[in-house]
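Input: a single structure, listed below in structure tokens.
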Amino acid sequence: ENSSSTGEAAAFGLPWWLEPINGASLCDLLQLLADEGSPIGIAAFFGGWHEVNTPQDLTRAQNDTAMFLSEEEARDQVAAMGACLLSEANDLKRPLPIVAKELNMELAKLECLLRGDLDVNEALDVLRRMSEVYPVPLNDLWLDADDTVAGVRLF
């Protein structure tokens, strides 16, 4: 047994190389399943995917979304995120001028977000600041771009 082991993985019958368990990756999980004889299949993806292992990877993937949007789609997405921010501010009983003050930013910038006049990266910065100042998770403010046709995805 590895002398640097904390015993966390051993308590669950996992191999030493999965320690610490919260640092294990998807590849580690797949290797464990393969080692235990579990059947593993494949799924073919042809673009449009991101490997996400950390919060920074998630931010990067969300930012990459903007590359696939037309100018009008990006504007609509930013405006929708602005609507989410406004909804959360309403739930917190904070009018927009107070939100601007508490976020330490100009009211005009928040108004641009509501109209969709910020680029996606600037909008993400505003949303990130909102989630730092208020008890609002970033994923409650971030909206993925609509990649459907009239609300329907055909496979």
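Residue names in the structure tokens use chain letters A, B, ... in the order shown, residue numbers from 1 in each chain, and ligand numbers from 1 in the order shown.
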Point to revise | Spatial neighbours of region 91-103 of chain A, 9 Å, only C-alpha atoms, chain gap at least 5 places, as a PyMOL selection string | key: chain A and resi 86+108-111+126+129-130+132-134
Please provide as an mmCIF file with all heavy atoms, in the first residue's frame all residues within 7 Å of region 112-119 of chain A, with the sequence filter that same-chain residues fewer than 3 positions apart are discarded (counting only C-alpha atoms).
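Result file is around-v1.cif:
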data_model
loop_
_atom_site.group_PDB
_atom_site.id
_atom_site.type_symbol
_atom_site.label_atom_id
_atom_site.label_comp_id
_atom_site.auth_asym_id
_atom_site.auth_seq_id
_atom_site.Cartn_x
_atom_site.Cartn_y
_atom_site.Cartn_z
ATOM 1 N N ARG A 75 -26.608 38.842 -29.149
ATOM 2 C CA ARG A 75 -27.371 39.936 -28.509
ATOM 3 C C ARG A 75 -28.577 39.384 -27.760
ATOM 4 O O ARG A 75 -28.839 39.771 -26.623
ATOM 5 C CB ARG A 75 -27.799 40.943 -29.567
ATOM 6 C CG ARG A 75 -28.512 42.135 -29.011
ATOM 7 C CD ARG A 75 -28.991 43.048 -30.150
ATOM 8 N NE ARG A 75 -29.810 44.093 -29.629
ATOM 9 C CZ ARG A 75 -29.396 45.340 -29.452
ATOM 10 N NH1 ARG A 75 -28.179 45.692 -29.781
ATOM 11 N NH2 ARG A 75 -30.206 46.242 -28.957
ATOM 12 N N ASP A 76 -29.297 38.458 -28.382
ATOM 13 C CA ASP A 76 -30.462 37.848 -27.733
ATOM 14 C C ASP A 76 -30.050 37.068 -26.481
ATOM 15 O O ASP A 76 -30.731 37.111 -25.456
ATOM 16 C CB ASP A 76 -31.198 36.913 -28.698
ATOM 17 C CG ASP A 76 -31.906 37.652 -29.818
ATOM 18 O OD1 ASP A 76 -32.081 38.893 -29.719
ATOM 19 O OD2 ASP A 76 -32.273 36.991 -30.819
ATOM 20 N N VAL A 78 -27.359 37.586 -24.572
ATOM 21 C CA VAL A 78 -26.954 38.540 -23.533
ATOM 22 C C VAL A 78 -28.189 39.195 -22.915
ATOM 23 O O VAL A 78 -28.274 39.353 -21.697
ATOM 24 C CB VAL A 78 -25.969 39.584 -24.102
ATOM 25 C CG1 VAL A 78 -25.748 40.727 -23.120
ATOM 26 C CG2 VAL A 78 -24.642 38.916 -24.449
ATOM 27 N N ALA A 79 -29.162 39.563 -23.733
ATOM 28 C CA ALA A 79 -30.392 40.169 -23.211
ATOM 29 C C ALA A 79 -31.133 39.187 -22.305
ATOM 30 O O ALA A 79 -31.683 39.575 -21.259
ATOM 31 C CB ALA A 79 -31.288 40.625 -24.357
ATOM 32 N N GLY A 82 -29.418 39.147 -19.102
ATOM 33 C CA GLY A 82 -29.790 40.372 -18.388
ATOM 34 C C GLY A 82 -31.145 40.225 -17.717
ATOM 35 O O GLY A 82 -31.341 40.681 -16.588
ATOM 36 N N ALA A 83 -32.074 39.554 -18.398
ATOM 37 C CA ALA A 83 -33.392 39.307 -17.801
ATOM 38 C C ALA A 83 -33.263 38.416 -16.569
ATOM 39 O O ALA A 83 -33.962 38.625 -15.572
ATOM 40 C CB ALA A 83 -34.325 38.684 -18.833
ATOM 41 N N ALA A 108 -25.275 52.230 -16.291
ATOM 42 C CA ALA A 108 -25.357 52.134 -17.753
ATOM 43 C C ALA A 108 -24.902 50.760 -18.250
ATOM 44 O O ALA A 108 -25.456 50.236 -19.222
ATOM 45 C CB ALA A 108 -24.521 53.231 -18.400
ATOM 46 N N LYS A 109 -23.921 50.171 -17.582
ATOM 47 C CA LYS A 109 -23.447 48.848 -17.994
ATOM 48 C C LYS A 109 -24.526 47.794 -17.776
ATOM 49 O O LYS A 109 -24.737 46.917 -18.616
ATOM 50 C CB LYS A 109 -22.171 48.477 -17.244
ATOM 51 C CG LYS A 109 -21.521 47.214 -17.750
ATOM 52 C CD LYS A 109 -20.136 47.040 -17.181
ATOM 53 C CE LYS A 109 -19.397 45.945 -17.909
ATOM 54 N NZ LYS A 109 -17.988 45.869 -17.513
ATOM 55 N N GLU A 122 -18.177 40.245 -21.648
ATOM 56 C CA GLU A 122 -18.493 41.317 -20.699
ATOM 57 C C GLU A 122 -19.713 40.935 -19.860
ATOM 58 O O GLU A 122 -19.748 41.201 -18.661
ATOM 59 C CB GLU A 122 -18.787 42.622 -21.431
ATOM 60 C CG GLU A 122 -17.574 43.338 -21.978
ATOM 61 C CD GLU A 122 -17.980 44.621 -22.677
ATOM 62 O OE1 GLU A 122 -18.734 44.553 -23.665
ATOM 63 O OE2 GLU A 122 -17.542 45.694 -22.212
ATOM 64 N N ALA A 123 -20.703 40.325 -20.502
ATOM 65 C CA ALA A 123 -21.896 39.886 -19.777
ATOM 66 C C ALA A 123 -21.519 38.858 -18.717
ATOM 67 O O ALA A 123 -22.006 38.918 -17.581
ATOM 68 C CB ALA A 123 -22.919 39.308 -20.754
#
Exercise for review: Go through A:Ile40, A:Gly13, A:Leu69, A:Val120 one by one, measure the shortest atom-to-atom distance of each to Met81 (chain A) using only C-alpha atoms, and give the residue with the smallest value.
Suggested key: A:Val120
Practice item. State, in Å with one decimal place, the distance from CA of Leu32 (chain A) to CA of Leu58 (chain A). Key: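 For CA of Leu32 (chain A) relative to CA of Leu58 (chain A), the distance reads 24.7 Å.
Straight-line separation from CA of Leu107 (chain A) to CA of Glu88 (chain A): 16.2 Å.
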Exercise for review: Work out how far apart CA of Asp125 (chain A) and CA of Asp57 (chain A) are and give it in Å to one decimal.
Suggested key: 15.5 Å
Review point. Taking into account only C-alpha atoms, which residue in the set A:Leu124, A:Val136, A:Ala43, A:Leu33 is nearest to Ser87 (chain A)?
Key: A:Val136
Check your understanding: Can you list, as a PyMOL selection string, every residue of region 16-143 of chain A that DSSP puts in helix (DSSP H, G or I)?
Key -> chain A and resi 16-18+21-23+26-35+55-68+71-91+96-103+107-115+120-133+138-141
